[in-house]
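Asks: So here's input.json (JSON, C-alpha atoms).
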[["chain", "number", "residue", "atom", "x", "y", "z"],
["A", 123, "MET", "CA", 18.27, -46.22, -38.30],
["A", 124, "ALA", "CA", 20.14, -44.61, -41.18],
["A", 125, "ASP", "CA", 23.78, -43.59, -40.80],
["A", 126, "HIS", "CA", 22.92, -39.97, -41.51],
["A", 127, "GLN", "CA", 19.63, -38.13, -41.22],
["A", 128, "GLU", "CA", 18.89, -34.51, -42.00],
["A", 129, "ALA", "CA", 15.91, -32.21, -41.71],
["A", 130, "SER", "CA", 15.42, -28.47, -42.05],
["A", 131, "VAL", "CA", 12.77, -25.80, -42.09],
["A", 132, "THR", "CA", 12.93, -22.16, -43.20],
["A", 133, "LEU", "CA", 10.67, -19.75, -41.34],
["A", 134, "PRO", "CA", 9.91, -16.04, -41.48],
["A", 135, "SER", "CA", 11.83, -13.87, -39.02],
["A", 136, "ASP", "CA", 8.78, -13.31, -36.90],
["A", 137, "PRO", "CA", 8.33, -13.94, -33.16],
["A", 138, "ALA", "CA", 5.63, -16.54, -33.88],
["A", 139, "SER", "CA", 8.23, -18.59, -35.75],
["A", 140, "VAL", "CA", 10.12, -19.35, -32.54],
["A", 141, "SER", "CA", 7.34, -21.64, -31.34],
["A", 142, "THR", "CA", 7.08, -23.18, -34.81],
["A", 143, "ALA", "CA", 10.83, -23.91, -34.82],
["A", 144, "ARG", "CA", 10.67, -25.49, -31.37],
["A", 145, "THR", "CA", 7.72, -27.70, -32.37],
["A", 146, "TYR", "CA", 9.37, -28.68, -35.64],
["A", 147, "VAL", "CA", 12.56, -29.78, -33.84],
["A", 148, "ALA", "CA", 10.57, -31.73, -31.24],
["A", 149, "ASP", "CA", 8.64, -33.53, -34.01],
["A", 150, "VAL", "CA", 11.81, -34.41, -35.95],
["A", 151, "LEU", "CA", 13.57, -35.68, -32.84],
["A", 152, "ALA", "CA", 10.52, -37.79, -31.98],
["A", 153, "GLU", "CA", 10.70, -39.33, -35.46],
["A", 154, "TRP", "CA", 14.35, -40.09, -34.78],
["A", 155, "GLY", "CA", 13.48, -41.89, -31.53],
["A", 156, "LEU", "CA", 13.69, -39.26, -28.81],
["A", 157, "PRO", "CA", 10.87, -39.58, -26.28],
["A", 158, "GLY", "CA", 8.92, -36.32, -26.14],
["A", 159, "ASP", "CA", 9.17, -36.00, -22.37],
["A", 160, "SER", "CA", 12.91, -36.57, -22.04],
["A", 161, "ASP", "CA", 15.21, -34.11, -20.27],
["A", 162, "PHE", "CA", 17.46, -34.11, -23.33],
["A", 163, "GLY", "CA", 14.51, -33.13, -25.52],
["A", 164, "GLU", "CA", 13.58, -30.29, -23.17],
["A", 165, "THR", "CA", 17.16, -29.02, -23.28],
["A", 166, "VAL", "CA", 17.27, -29.13, -27.07],
["A", 167, "ARG", "CA", 13.93, -27.31, -27.33],
["A", 168, "LEU", "CA", 15.19, -24.58, -25.00],
["A", 169, "ILE", "CA", 18.38, -24.18, -27.03],
["A", 170, "VAL", "CA", 16.40, -23.98, -30.27],
["A", 171, "SER", "CA", 14.10, -21.38, -28.69],
["A", 172, "GLU", "CA", 17.06, -19.22, -27.72],
["A", 173, "LEU", "CA", 18.78, -19.51, -31.11],
["A", 174, "ALA", "CA", 15.58, -18.85, -33.05],
["A", 175, "THR", "CA", 14.76, -15.88, -30.82],
["A", 176, "ASN", "CA", 18.20, -14.44, -31.54],
["A", 177, "ALA", "CA", 17.68, -14.93, -35.27],
["A", 178, "VAL", "CA", 14.43, -12.98, -35.06],
["A", 179, "GLN", "CA", 15.42, -10.23, -32.62],
["A", 180, "HIS", "CA", 19.03, -9.48, -33.44],
["A", 181, "THR", "CA", 19.09, -9.37, -37.24],
["A", 182, "PHE", "CA", 17.46, -5.94, -37.28],
["A", 183, "GLY", "CA", 15.17, -6.77, -40.19],
["A", 184, "GLN", "CA", 18.12, -7.71, -42.41],
["A", 185, "SER", "CA", 17.21, -11.39, -42.43],
["A", 186, "PRO", "CA", 13.64, -11.98, -43.64],
["A", 187, "THR", "CA", 13.91, -15.69, -42.82],
["A", 188, "PHE", "CA", 15.96, -18.10, -40.75],
["A", 189, "THR", "CA", 16.58, -21.81, -41.22],
["A", 190, "VAL", "CA", 16.76, -24.49, -38.56],
["A", 191, "GLY", "CA", 18.78, -27.50, -39.69],
["A", 192, "LEU", "CA", 19.21, -30.82, -37.89],
["A", 193, "GLU", "CA", 21.64, -33.65, -38.57],
["A", 194, "LEU", "CA", 22.05, -36.96, -36.79],
["A", 195, "ASP", "CA", 25.15, -39.00, -37.61],
["A", 196, "ARG", "CA", 25.24, -42.73, -36.85],
["A", 197, "ASP", "CA", 23.13, -42.24, -33.72],
["A", 198, "GLU", "CA", 26.18, -40.57, -32.15],
["A", 199, "ARG", "CA", 26.14, -36.83, -32.80],
["A", 200, "LEU", "CA", 23.23, -34.42, -33.08],
["A", 201, "ARG", "CA", 23.88, -31.09, -34.79],
["A", 202, "ILE", "CA", 21.38, -28.26, -34.81],
["A", 203, "GLY", "CA", 22.10, -24.98, -36.53],
["A", 204, "VAL", "CA", 20.11, -21.79, -36.94],
["A", 205, "THR", "CA", 21.12, -19.80, -40.02],
["A", 206, "ASP", "CA", 20.16, -16.23, -40.84],
["A", 207, "SER", "CA", 21.37, -13.74, -43.43],
["A", 208, "HIS", "CA", 22.71, -11.11, -41.01],
["A", 209, "PRO", "CA", 26.53, -11.09, -40.92],
["A", 210, "ARG", "CA", 26.98, -9.98, -37.29],
["A", 211, "PHE", "CA", 28.07, -12.75, -34.93],
["A", 212, "PRO", "CA", 26.46, -12.96, -31.49],
["A", 213, "LYS", "CA", 28.33, -10.96, -28.87],
["A", 214, "ARG", "CA", 29.03, -12.02, -25.34],
["A", 215, "LEU", "CA", 27.27, -9.48, -23.21],
["A", 216, "PRO", "CA", 27.58, -9.21, -19.45],
["A", 217, "ALA", "CA", 24.06, -9.98, -18.29],
["A", 218, "ALA", "CA", 23.24, -7.65, -15.44],
["A", 219, "VAL", "CA", 20.73, -8.96, -12.94],
["A", 220, "GLN", "CA", 18.13, -6.34, -13.87],
["A", 221, "GLN", "CA", 18.32, -7.02, -17.63],
["A", 222, "ASP", "CA", 15.28, -8.58, -19.26],
["A", 223, "ASN", "CA", 17.35, -10.03, -22.10],
["A", 224, "GLY", "CA", 20.94, -10.63, -23.14],
["A", 225, "ARG", "CA", 21.35, -14.04, -21.54],
["A", 226, "GLY", "CA", 20.37, -16.26, -24.48],
["A", 227, "MET", "CA", 23.84, -17.19, -25.66],
["A", 228, "VAL", "CA", 25.01, -17.67, -22.07],
["A", 229, "ILE", "CA", 22.17, -20.16, -21.59],
["A", 230, "VAL", "CA", 22.94, -21.92, -24.89],
["A", 231, "ARG", "CA", 26.66, -22.19, -24.08],
["A", 232, "TRP", "CA", 25.98, -23.50, -20.59],
["A", 233, "LEU", "CA", 23.36, -26.08, -21.64],
["A", 234, "THR", "CA", 25.50, -27.27, -24.54],
["A", 235, "ALA", "CA", 28.57, -27.69, -22.33],
["A", 236, "GLU", "CA", 26.50, -29.33, -19.59],
["A", 237, "HIS", "CA", 25.51, -32.05, -22.08],
["A", 238, "GLY", "CA", 29.07, -32.57, -23.36],
["A", 239, "GLY", "CA", 28.59, -30.59, -26.55],
["A", 240, "ALA", "CA", 30.10, -27.68, -28.39],
["A", 241, "LEU", "CA", 28.79, -24.42, -29.81],
["A", 242, "THR", "CA", 30.13, -22.89, -33.02],
["A", 243, "VAL", "CA", 29.39, -19.80, -35.06],
["A", 244, "ARG", "CA", 30.44, -19.69, -38.69],
["A", 245, "SER", "CA", 29.88, -17.44, -41.67],
["A", 246, "THR", "CA", 27.82, -18.68, -44.59],
["A", 247, "THR", "CA", 28.88, -18.30, -48.21],
["A", 248, "GLU", "CA", 25.88, -15.98, -48.68],
["A", 249, "GLY", "CA", 27.19, -13.53, -46.06],
["A", 250, "GLY", "CA", 25.10, -14.59, -43.08],
["A", 251, "LYS", "CA", 25.93, -16.89, -40.21],
["A", 252, "THR", "CA", 25.02, -20.20, -38.64],
["A", 253, "VAL", "CA", 24.98, -20.62, -34.88],
["A", 254, "ALA", "CA", 25.18, -24.34, -34.22],
["A", 255, "ILE", "CA", 25.40, -26.81, -31.39],
["A", 256, "GLU", "CA", 26.66, -30.36, -31.48],
["A", 257, "LEU", "CA", 25.63, -32.78, -28.77],
["A", 258, "PRO", "CA", 26.28, -36.45, -28.11],
["A", 259, "TRP", "CA", 23.18, -38.47, -29.04],
["A", 260, "THR", "CA", 22.69, -40.73, -26.05],
["A", 261, "VAL", "CA", 19.20, -41.80, -26.98],
["A", 262, "ALA", "CA", 18.52, -45.46, -27.66],
["A", 263, "ALA", "CA", 16.72, -45.86, -30.97],
["A", 264, "HIS", "CA", 12.98, -46.39, -30.54],
["A", 265, "PRO", "CA", 10.76, -47.38, -33.44],
["A", 266, "VAL", "CA", 8.06, -44.87, -34.27],
["A", 267, "THR", "CA", 4.66, -46.11, -33.14],
["A", 268, "THR", "CA", 1.42, -45.77, -35.04],
["A", 269, "ALA", "CA", -1.96, -46.33, -33.37],
["A", 270, "GLY", "CA", -0.32, -48.04, -30.42],
["A", 271, "LYS", "CA", 1.65, -50.52, -32.54],
["A", 272, "GLN", "CA", 5.37, -50.41, -33.20],
["A", 273, "GLU", "CA", 6.42, -50.23, -36.81],
["A", 274, "THR", "CA", 8.93, -52.84, -37.85]]
Could you render the structure from this file as structure tokens?
Replies:
Amino acid sequence: MADHQEASVTLPSDPASVSTARTYVADVLAEWGLPGDSDFGETVRLIVSELATNAVQHTFGQSPTFTVGLELDRDERLRIGVTDSHPRFPKRLPAAVQQDNGRGMVIVRWLTAEHGGALTVRSTTEGGKTVAIELPWTVAAHPVTTAGKQET
């Protein structure tokens, strides 16, 4: 496997794009050797869903698109960031029991910490922001298979 791999996709800020982002990330991680049914993969897909949902719902129409970027360094660290063009950083909100929303970042922080990772939010040079997670990559490299045969 290469020392550094990257992939990204830019999607419209539309609710349907959340599913597209999740599927895209799952496909990329599978190419990088993550089994599709792994607990780690499920966690990453949930985190991506929450971050993409925030990019769609909380930019108030000021970000027509959002970008999901992935990086894998030396099979050690996985970084996933969701970038939009709205300058407001996510706020920590107390999530009351009766609320239907407002828990996304709490979930992302908890899942990231649970897997030994870190969450960061940084401004972009264009005036937006990137909300990113970094997780240890504990997946053994698996060759991609084609028609039941391993590629070598």
Asks: Using all atoms listed in the file, which protein or nucleic acid residues come within 10 Å of range 127-138 of chain A? Drop anything in the same chain fewer than 2 positions from it, and give the result as a PyMOL selection string.
Replies: chain A and resi 123-125+140-143+146-147+150-151+154+174-179+181-197+200-206
Asks: What does the distance between CA of Val253 in chain A and CA of Val166 in chain A come to in Å, to one decimal place?
Replies: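 Answer for the CA of Val253 in chain A to CA of Val166 in chain A separation: 13.9 Å.
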Asks: Please, what distance in Å, to one decimal, runs between CA of Gly249 in chain A and CA of Thr165 in chain A?
Replies: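 CA of Thr165 in chain A lies at a distance of 29.3 Å from CA of Gly249 in chain A.
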Asks: Distance CA of Leu156 in chain A-CA of Val228 in chain A, one decimal place?
Replies: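 Calculated distance between CA of Leu156 in chain A and CA of Val228 in chain A is 25.3 Å.
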Asks: Kindly indicate which residue among A:Lys213, A:Thr246, A:Met227, A:Thr252 lies nearest to Leu168 in chain A, using all atoms listed in the file for the distances.
Replies: A:Met227
Asks: Find, counting only C-alpha atoms, the residue in A:Gly250, A:Ser139, A:Val170, A:Ala240 that gets nearest to His208 in chain A.
Replies: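 So, comparing all the options, the nearest one is A:Gly250.
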Asks: Taking into account only C-alpha atoms, which residue in the set A:Phe162, A:Lys251, A:Arg167, A:Glu198 is nearest to Glu236 in chain A?
Replies: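 Of A:Phe162, A:Lys251, A:Arg167, A:Glu198, the one nearest Glu236 in chain A, counting only C-alpha atoms, is A:Phe162.
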Asks: Choose the residue, out of A:Val261, A:Thr247, A:Glu172, A:Pro209, that has the smallest atom-to-atom separation from Leu233 in chain A; count only C-alpha atoms.
Replies: A:Glu172
